[in-house]
Amino acid sequence: MRLYDSHTHLNTDPLFDDRQWYFHAFIDHGWVGLVNSWANDVYNTRGIAITKSVEGLSGWDVEKWQNIFVKSTIGYHPWCCDDGEITEENIQQKMIDLEILYETHKEYIVAIGECGIDTYFPGSENSLPLQKQLFALQCDLAQKLKLPLMVHIRKDFTTAFDILKNYRDMVIYIHCRGFGPNEIKRLQDLNIKKLFIGFCWNITYKNAQNLRESLAKVPLDQLLLETDAPRLSPQVVRGTVNTPANVQYIYEFVAEYLKIDIEVLARQIENNFNSIYKI
């Protein structure tokens with residue numbers, strides 16, 4: 001099978017220092033494509049650096065390398081509004097810098113994000129006005145650059161939805177979605193040009209029945225699978241650091257839950273991955 005991790009974080013701690021080892025583990029399993037995301041200045045730079053350096057990693061034979069797809073996204077996570085990286089004073093310049101970063105390294109970059117709305121942690125609602133501004137500006141940039149938008153929504157679905165409904169002509173990837181079937185239907189009713197919904201291992205947790213119910217509402221041609229490593233370790237290895245090589249477990253779970261052949265699922269995810277990232 002050819003498996004893809006549609007959203008991972010080898011550019012973040014604790015994976016970054018040993019990224020070569022984790023790449024080898026991913027490839028040695030036979031998996032063939034991943035996209036590094038996350039979103040601040042450091043992680044944007046790291047993601048691009050990883051993509052640039054992959055071809056030079058030792059121990060990969062040429063035939064194996066020719067089948068590998070590794071790219072990066074760039075953007076600003078809503079948490080940047082809480083940690084001081086994004087402010088009212090610098091937000092416009094940050095968007096200019098982000099566009100310059102893309103134009104300088106466009107062969108390595110496949111999407112803007114992850115970006116969105118997150119009011120999960122206490123006090124984070126205080127930054128909501130700035131989060132909304134940051135999210136809309138990144139939607140504008142993705143639209144201008146004709147890139148997919150990788151979206152993070154945690155807790156405040158309605159605020160994110162109210163922004164997204166202004167961008168129906170785009171390719172939008174709702175990564176690691178954390179809400180139920182009603183929200184899936186609201187997104188689908190927007191008639192977005194291309195909508196993709198990503199699932200990772202939180203779908204297997206005991207308190208995640210709403211996620212499992214929403215999985216059944218997503219057409220296979222809108223489905224992507226991801227690890228979101230190093231977070232959200234699969235249940236079978238819970239308590240360990242999650243890595244891209246673990247993506248097989250989410251494929252196995254989804255195939256069993258949807259009662260479809262895993263080979264059929266893998267081919268569909270490959271088609272979706274190729275579609276969103278224009279392979």
# chains A, B, ... in the order shown; residues from 1 in each chain; ligands from 1
call {"tool": "residues_around", "arguments": {"residues": "Phe23 in chain A", "least_positions_apart": "4", "cutoff": "12 Å", "atoms": "only C-alpha atoms", "output": "PyMOL selection string"}}
result
chain A and resi 5+8-11+15-19+27-36+50-51+53-60+65+68-70+243-246
call {"tool": "write_last_selection", "arguments": {"atoms": "C-alpha atoms", "output": "compact mmCIF listing (two decimals), in the first residue's frame"}}
result
# COMPACT_ATOMS: atom_id res chain seq x y z
CA ASP A 5 0.44 11.46 6.26
CA THR A 8 2.39 16.12 10.48
CA HIS A 9 4.97 18.12 12.45
CA LEU A 10 8.52 16.86 11.98
CA ASN A 11 9.48 20.53 12.20
CA LEU A 15 10.77 15.22 16.44
CA PHE A 16 12.93 17.84 14.77
CA ASP A 17 16.32 16.90 16.24
CA ASP A 18 15.90 13.27 15.09
CA ARG A 19 13.98 14.04 11.90
CA ILE A 27 9.99 5.26 4.37
CA ASP A 28 11.05 1.85 5.71
CA HIS A 29 7.40 1.14 6.44
CA GLY A 30 6.75 1.72 2.75
CA TRP A 31 4.84 4.98 3.16
CA VAL A 32 5.31 7.53 0.42
CA GLY A 33 4.18 11.08 1.24
CA LEU A 34 3.86 13.60 4.05
CA VAL A 35 3.32 17.30 4.55
CA ASN A 36 4.90 19.18 7.46
CA ILE A 50 13.29 19.74 5.96
CA THR A 51 11.77 19.69 2.50
CA SER A 53 17.15 18.48 2.77
CA VAL A 54 15.12 15.32 2.27
CA GLU A 55 16.73 14.43 -1.06
CA GLY A 56 20.13 14.35 0.58
CA LEU A 57 19.24 11.99 3.41
CA SER A 58 21.60 9.04 3.50
CA GLY A 59 20.52 5.45 3.04
CA TRP A 60 17.74 5.96 0.49
CA TRP A 65 13.39 8.26 -3.34
CA ILE A 68 8.57 10.07 -2.08
CA PHE A 69 6.65 13.33 -1.70
CA VAL A 70 7.64 15.68 1.14
CA THR A 243 5.49 9.82 14.56
CA PRO A 244 4.54 9.82 10.86
CA ALA A 245 5.23 6.08 10.62
CA ASN A 246 2.14 5.54 12.80
call {"tool": "residues_around", "arguments": {"residues": "Asp118 in chain A", "least_positions_apart": "4", "cutoff": "7 Å", "atoms": "only C-alpha atoms", "output": "ChimeraX atom specification"}}
result
/A:78,153-156
call {"tool": "closest_residue", "arguments": {"among": "A:Asn40, A:Leu147, A:Ser72, A:Gln188", "to": "Lys278 in chain A", "atoms": "only C-alpha atoms"}}
result
A:Leu147
call {"tool": "residues_around", "arguments": {"residues": "Tyr277 in chain A", "least_positions_apart": "5", "cutoff": "12 Å", "atoms": "only C-alpha atoms", "output": "MDAnalysis selection string"}}
result
chainID A and resid 4 6:7 33:35 69:73 107:112 146:150 171:173 194 196 224 270:272
call {"tool": "select_by_dssp", "arguments": {"residues": "range 112-190 of chain A", "states": "strand (DSSP E)", "output": "number ranges by chain"}}
result
A: 112-118, 149-154, 171-174
call {"tool": "atom_distance", "arguments": {"atom1": "CA of Ser127 in chain A", "atom2": "CA of Asn90 in chain A"}}
result
14.7 Å
call {"tool": "closest_residue", "arguments": {"among": "A:Ile96, A:Leu128, A:Ile276, A:Val241", "to": "Leu141 in chain A", "atoms": "only C-alpha atoms"}}
result
A:Ile96
call {"tool": "select_by_dssp", "arguments": {"residues": "range 86-203 of chain A", "states": "alpha helix (DSSP H)", "output": "ChimeraX atom specification"}}
result
/A:91-105,128-145,157-164,181-189
call {"tool": "write_last_selection", "arguments": {"atoms": "N, CA and C atoms", "output": "compact mmCIF listing (two decimals), in the first residue's frame"}}
result
# COMPACT_ATOMS: atom_id res chain seq x y z
N ILE A 91 0.94 42.63 12.49
CA ILE A 91 0.20 41.63 11.73
C ILE A 91 0.28 41.87 10.21
N GLN A 92 0.21 43.11 9.79
CA GLN A 92 0.27 43.40 8.36
C GLN A 92 1.66 43.07 7.80
N GLN A 93 2.70 43.40 8.53
CA GLN A 93 4.05 43.09 8.09
C GLN A 93 4.28 41.58 8.07
N LYS A 94 3.70 40.86 9.03
CA LYS A 94 3.83 39.40 9.05
C LYS A 94 3.22 38.79 7.79
N MET A 95 2.12 39.34 7.31
CA MET A 95 1.51 38.82 6.09
C MET A 95 2.38 39.10 4.87
N ILE A 96 3.00 40.27 4.85
CA ILE A 96 3.94 40.60 3.77
C ILE A 96 5.12 39.63 3.80
N ASP A 97 5.65 39.39 5.00
CA ASP A 97 6.78 38.47 5.14
C ASP A 97 6.41 37.05 4.73
N LEU A 98 5.19 36.65 5.04
CA LEU A 98 4.73 35.30 4.69
C LEU A 98 4.66 35.14 3.17
N GLU A 99 4.17 36.15 2.50
CA GLU A 99 4.10 36.10 1.05
C GLU A 99 5.49 36.06 0.43
N ILE A 100 6.41 36.84 0.98
CA ILE A 100 7.79 36.82 0.49
C ILE A 100 8.42 35.44 0.70
N LEU A 101 8.14 34.83 1.86
CA LEU A 101 8.66 33.50 2.15
C LEU A 101 8.16 32.50 1.11
N TYR A 102 6.89 32.62 0.76
CA TYR A 102 6.35 31.72 -0.26
C TYR A 102 7.03 31.97 -1.62
N GLU A 103 7.10 33.20 -2.03
CA GLU A 103 7.67 33.50 -3.34
C GLU A 103 9.13 33.07 -3.43
N THR A 104 9.83 33.08 -2.32
CA THR A 104 11.24 32.69 -2.29
C THR A 104 11.42 31.18 -2.32
N HIS A 105 10.44 30.44 -1.77
CA HIS A 105 10.59 28.99 -1.61
C HIS A 105 9.37 28.23 -2.14
N LEU A 128 -9.44 36.64 20.66
CA LEU A 128 -10.31 36.26 19.54
C LEU A 128 -10.38 37.34 18.46
N PRO A 129 -10.51 38.63 18.78
CA PRO A 129 -10.53 39.63 17.69
C PRO A 129 -9.28 39.58 16.82
N LEU A 130 -8.11 39.39 17.45
CA LEU A 130 -6.87 39.31 16.68
C LEU A 130 -6.80 37.99 15.91
N GLN A 131 -7.28 36.90 16.52
CA GLN A 131 -7.32 35.61 15.82
C GLN A 131 -8.16 35.72 14.55
N LYS A 132 -9.32 36.36 14.65
CA LYS A 132 -10.19 36.50 13.49
C LYS A 132 -9.51 37.29 12.37
N GLN A 133 -8.83 38.36 12.75
CA GLN A 133 -8.12 39.16 11.76
C GLN A 133 -7.01 38.35 11.10
N LEU A 134 -6.26 37.61 11.92
CA LEU A 134 -5.16 36.80 11.39
C LEU A 134 -5.67 35.71 10.46
N PHE A 135 -6.75 35.07 10.84
CA PHE A 135 -7.33 34.00 10.03
C PHE A 135 -7.79 34.55 8.68
N ALA A 136 -8.52 35.64 8.70
CA ALA A 136 -9.04 36.21 7.45
C ALA A 136 -7.91 36.66 6.53
N LEU A 137 -6.86 37.23 7.10
CA LEU A 137 -5.74 37.68 6.28
C LEU A 137 -5.04 36.49 5.61
N GLN A 138 -4.95 35.37 6.32
CA GLN A 138 -4.33 34.19 5.72
C GLN A 138 -5.24 33.55 4.68
N CYS A 139 -6.55 33.63 4.89
CA CYS A 139 -7.48 33.20 3.84
C CYS A 139 -7.27 34.04 2.59
N ASP A 140 -7.13 35.35 2.78
CA ASP A 140 -6.90 36.25 1.66
C ASP A 140 -5.61 35.89 0.92
N LEU A 141 -4.58 35.60 1.69
CA LEU A 141 -3.29 35.28 1.08
C LEU A 141 -3.36 33.97 0.30
N ALA A 142 -3.97 32.95 0.88
CA ALA A 142 -4.11 31.68 0.16
C ALA A 142 -4.91 31.87 -1.12
N GLN A 143 -5.94 32.68 -1.05
CA GLN A 143 -6.75 32.98 -2.23
C GLN A 143 -5.91 33.68 -3.29
N LYS A 144 -5.12 34.66 -2.88
CA LYS A 144 -4.26 35.40 -3.81
C LYS A 144 -3.23 34.49 -4.46
N LEU A 145 -2.63 33.60 -3.69
CA LEU A 145 -1.57 32.73 -4.18
C LEU A 145 -2.11 31.46 -4.84
N PHE A 157 -16.26 26.74 16.64
CA PHE A 157 -16.55 26.43 15.24
C PHE A 157 -17.28 27.58 14.55
N THR A 158 -18.24 28.20 15.22
CA THR A 158 -19.09 29.21 14.58
C THR A 158 -18.29 30.40 14.08
N THR A 159 -17.33 30.86 14.88
CA THR A 159 -16.51 31.99 14.45
C THR A 159 -15.70 31.63 13.21
N ALA A 160 -15.09 30.44 13.21
CA ALA A 160 -14.32 30.01 12.05
C ALA A 160 -15.22 29.85 10.83
N PHE A 161 -16.39 29.28 11.03
CA PHE A 161 -17.34 29.07 9.94
C PHE A 161 -17.75 30.41 9.31
N ASP A 162 -18.00 31.40 10.13
CA ASP A 162 -18.42 32.70 9.63
C ASP A 162 -17.36 33.36 8.75
N ILE A 163 -16.10 33.03 9.00
CA ILE A 163 -15.02 33.52 8.14
C ILE A 163 -14.91 32.68 6.88
N LEU A 164 -14.97 31.37 7.03
CA LEU A 164 -14.79 30.48 5.88
C LEU A 164 -15.88 30.65 4.82
N PRO A 181 -21.18 15.68 13.47
CA PRO A 181 -21.75 15.61 12.13
C PRO A 181 -22.52 16.85 11.73
N ASN A 182 -23.11 17.57 12.67
CA ASN A 182 -23.84 18.80 12.30
C ASN A 182 -22.91 19.84 11.70
N GLU A 183 -21.72 19.97 12.27
CA GLU A 183 -20.75 20.92 11.74
C GLU A 183 -20.22 20.48 10.38
N ILE A 184 -20.06 19.17 10.21
CA ILE A 184 -19.65 18.64 8.89
C ILE A 184 -20.67 19.05 7.84
N LYS A 185 -21.94 18.90 8.16
CA LYS A 185 -22.99 19.24 7.20
C LYS A 185 -22.98 20.74 6.88
N ARG A 186 -22.76 21.57 7.90
CA ARG A 186 -22.71 23.02 7.66
C ARG A 186 -21.58 23.37 6.69
N LEU A 187 -20.43 22.72 6.85
CA LEU A 187 -19.33 22.95 5.94
C LEU A 187 -19.67 22.48 4.53
N GLN A 188 -20.25 21.31 4.44
CA GLN A 188 -20.60 20.78 3.13
C GLN A 188 -21.64 21.64 2.42
N ASP A 189 -22.54 22.22 3.19
CA ASP A 189 -23.59 23.06 2.61
C ASP A 189 -23.05 24.37 2.06
call {"tool": "residues_around", "arguments": {"residues": "range 205-220 of chain A", "least_positions_apart": "4", "cutoff": "12 Å", "atoms": "only C-alpha atoms", "output": "number ranges by chain"}}
result
A: 174, 176-188, 195-201, 224-225, 232-236, 238, 253-260, 264-273
call {"tool": "write_last_selection", "arguments": {"atoms": "N, CA and C atoms", "output": "short mmCIF file (atom, residue, chain, number, x, y, z; two decimals), in the first residue's frame"}}
result
data_model
loop_
_atom_site.label_atom_id
_atom_site.label_comp_id
_atom_site.auth_asym_id
_atom_site.auth_seq_id
_atom_site.Cartn_x
_atom_site.Cartn_y
_atom_site.Cartn_z
N ILE A 174 -9.86 21.04 6.38
CA ILE A 174 -10.11 21.13 7.82
C ILE A 174 -9.33 20.01 8.48
N CYS A 176 -7.52 17.63 11.37
CA CYS A 176 -7.78 17.09 12.72
C CYS A 176 -9.10 17.63 13.28
N ARG A 177 -10.15 17.46 12.54
CA ARG A 177 -11.41 18.08 12.91
C ARG A 177 -11.88 17.56 14.27
N GLY A 178 -12.47 18.45 15.04
CA GLY A 178 -12.80 18.11 16.42
C GLY A 178 -14.24 18.38 16.78
N PHE A 179 -15.17 18.15 15.84
CA PHE A 179 -16.58 18.45 16.11
C PHE A 179 -17.44 17.38 15.47
N GLY A 180 -18.75 17.55 15.55
CA GLY A 180 -19.65 16.49 15.19
C GLY A 180 -20.23 16.58 13.79
N PRO A 181 -21.18 15.68 13.47
CA PRO A 181 -21.75 15.61 12.13
C PRO A 181 -22.52 16.85 11.73
N ASN A 182 -23.11 17.57 12.67
CA ASN A 182 -23.84 18.80 12.30
C ASN A 182 -22.91 19.84 11.70
N GLU A 183 -21.72 19.97 12.27
CA GLU A 183 -20.75 20.92 11.74
C GLU A 183 -20.22 20.48 10.38
N ILE A 184 -20.06 19.17 10.21
CA ILE A 184 -19.65 18.64 8.89
C ILE A 184 -20.67 19.05 7.84
N LYS A 185 -21.94 18.90 8.16
CA LYS A 185 -22.99 19.24 7.20
C LYS A 185 -22.98 20.74 6.88
N ARG A 186 -22.76 21.57 7.90
CA ARG A 186 -22.71 23.02 7.66
C ARG A 186 -21.58 23.37 6.69
N LEU A 187 -20.43 22.72 6.85
CA LEU A 187 -19.33 22.95 5.94
C LEU A 187 -19.67 22.48 4.53
N GLN A 188 -20.25 21.31 4.44
CA GLN A 188 -20.60 20.78 3.13
C GLN A 188 -21.64 21.64 2.42
N LEU A 195 -13.43 20.68 -0.71
CA LEU A 195 -13.40 20.57 0.75
C LEU A 195 -12.80 19.22 1.12
N PHE A 196 -11.82 19.24 2.02
CA PHE A 196 -11.24 18.02 2.55
C PHE A 196 -11.31 18.06 4.07
N ILE A 197 -11.59 16.90 4.67
CA ILE A 197 -11.69 16.78 6.12
C ILE A 197 -10.66 15.76 6.58
N GLY A 198 -9.78 16.16 7.51
CA GLY A 198 -8.74 15.27 7.98
C GLY A 198 -9.06 14.68 9.35
N PHE A 199 -8.76 13.40 9.50
CA PHE A 199 -8.95 12.71 10.77
C PHE A 199 -7.62 12.13 11.24
N CYS A 200 -7.41 12.18 12.57
CA CYS A 200 -6.24 11.55 13.15
C CYS A 200 -6.66 10.73 14.36
N TRP A 201 -5.71 10.40 15.24
CA TRP A 201 -6.00 9.34 16.20
C TRP A 201 -6.93 9.73 17.35
N LEU A 224 -9.13 12.87 4.24
CA LEU A 224 -7.69 12.77 4.36
C LEU A 224 -7.36 12.20 5.74
N LEU A 225 -6.22 11.52 5.84
CA LEU A 225 -5.80 10.91 7.10
C LEU A 225 -4.43 11.45 7.49
N LEU A 232 -1.25 13.35 19.84
CA LEU A 232 -2.35 12.41 19.56
C LEU A 232 -1.86 11.04 19.13
N SER A 233 -1.08 10.41 19.99
CA SER A 233 -0.58 9.07 19.66
C SER A 233 -1.73 8.09 19.48
N PRO A 234 -1.58 7.14 18.54
CA PRO A 234 -2.61 6.11 18.37
C PRO A 234 -2.86 5.35 19.66
N GLN A 235 -4.08 4.88 19.83
CA GLN A 235 -4.46 4.16 21.05
C GLN A 235 -3.55 2.96 21.30
N VAL A 236 -3.13 2.31 20.21
CA VAL A 236 -2.32 1.10 20.37
C VAL A 236 -0.92 1.41 20.89
N ARG A 238 -0.44 4.41 22.83
CA ARG A 238 -0.73 5.58 23.66
C ARG A 238 0.34 5.72 24.74
N PHE A 253 -7.87 1.74 11.33
CA PHE A 253 -9.08 2.03 12.10
C PHE A 253 -10.20 2.51 11.19
N VAL A 254 -9.92 3.46 10.30
CA VAL A 254 -10.95 4.02 9.44
C VAL A 254 -11.51 2.96 8.51
N ALA A 255 -10.65 2.11 7.95
CA ALA A 255 -11.13 1.05 7.06
C ALA A 255 -12.07 0.11 7.81
N GLU A 256 -11.70 -0.25 9.03
CA GLU A 256 -12.55 -1.15 9.81
C GLU A 256 -13.86 -0.46 10.20
N TYR A 257 -13.78 0.81 10.61
CA TYR A 257 -14.98 1.52 11.05
C TYR A 257 -15.96 1.73 9.90
N LEU A 258 -15.43 2.05 8.73
CA LEU A 258 -16.30 2.29 7.57
C LEU A 258 -16.64 1.01 6.81
N LYS A 259 -16.01 -0.10 7.25
CA LYS A 259 -16.26 -1.41 6.64
C LYS A 259 -15.94 -1.40 5.15
N ILE A 260 -14.74 -0.88 4.83
CA ILE A 260 -14.25 -0.93 3.46
C ILE A 260 -12.86 -1.55 3.45
N VAL A 264 -8.66 -0.25 -0.87
CA VAL A 264 -9.57 0.71 -1.52
C VAL A 264 -9.45 2.07 -0.85
N LEU A 265 -9.42 2.07 0.48
CA LEU A 265 -9.27 3.32 1.23
C LEU A 265 -7.94 4.00 0.88
N ALA A 266 -6.86 3.22 0.83
CA ALA A 266 -5.55 3.79 0.56
C ALA A 266 -5.50 4.42 -0.83
N ARG A 267 -6.10 3.80 -1.81
CA ARG A 267 -6.11 4.37 -3.15
C ARG A 267 -6.90 5.67 -3.19
N GLN A 268 -8.02 5.72 -2.44
CA GLN A 268 -8.82 6.94 -2.42
C GLN A 268 -8.07 8.08 -1.72
N ILE A 269 -7.41 7.77 -0.60
CA ILE A 269 -6.65 8.80 0.10
C ILE A 269 -5.51 9.30 -0.79
N GLU A 270 -4.88 8.41 -1.52
CA GLU A 270 -3.83 8.84 -2.44
C GLU A 270 -4.38 9.81 -3.48
N ASN A 271 -5.54 9.49 -4.03
CA ASN A 271 -6.17 10.40 -5.00
C ASN A 271 -6.46 11.76 -4.38
N ASN A 272 -6.97 11.75 -3.15
CA ASN A 272 -7.30 13.01 -2.47
C ASN A 272 -6.04 13.81 -2.16
N PHE A 273 -5.01 13.13 -1.69
CA PHE A 273 -3.73 13.77 -1.38
C PHE A 273 -3.15 14.40 -2.65
#
call {"tool": "atom_distance", "arguments": {"atom1": "CA of Ile74 in chain A", "atom2": "CA of Ala39 in chain A"}}
result
6.1 Å
call {"tool": "decode", "arguments": {"residues": "range 101-113 of chain A", "atoms": "N, CA and C atoms", "output": "compact mmCIF listing (two decimals), in the first residue's frame"}}
result
# COMPACT_ATOMS: atom_id res chain seq x y z
N LEU A 101 8.14 34.83 1.86
CA LEU A 101 8.66 33.50 2.15
C LEU A 101 8.16 32.50 1.11
N TYR A 102 6.89 32.62 0.76
CA TYR A 102 6.35 31.72 -0.26
C TYR A 102 7.03 31.97 -1.62
N GLU A 103 7.10 33.20 -2.03
CA GLU A 103 7.67 33.50 -3.34
C GLU A 103 9.13 33.07 -3.43
N THR A 104 9.83 33.08 -2.32
CA THR A 104 11.24 32.69 -2.29
C THR A 104 11.42 31.18 -2.32
N HIS A 105 10.44 30.44 -1.77
CA HIS A 105 10.59 28.99 -1.61
C HIS A 105 9.37 28.23 -2.14
N LYS A 106 8.72 28.73 -3.16
CA LYS A 106 7.43 28.19 -3.56
C LYS A 106 7.48 26.73 -3.99
N GLU A 107 8.63 26.26 -4.46
CA GLU A 107 8.71 24.86 -4.90
C GLU A 107 8.61 23.88 -3.73
N TYR A 108 8.75 24.39 -2.51
CA TYR A 108 8.71 23.53 -1.32
C TYR A 108 7.39 23.64 -0.55
N ILE A 109 6.52 24.56 -0.94
CA ILE A 109 5.35 24.92 -0.13
C ILE A 109 4.07 24.58 -0.88
N VAL A 110 3.13 23.94 -0.20
CA VAL A 110 1.91 23.47 -0.87
C VAL A 110 0.62 24.04 -0.29
N ALA A 111 0.68 24.80 0.80
CA ALA A 111 -0.55 25.34 1.40
C ALA A 111 -0.21 26.45 2.38
N ILE A 112 -1.22 27.24 2.70
CA ILE A 112 -1.13 28.23 3.77
C ILE A 112 -1.82 27.65 5.01
N GLY A 113 -1.13 27.71 6.14
CA GLY A 113 -1.69 27.20 7.38
C GLY A 113 -0.67 26.34 8.12
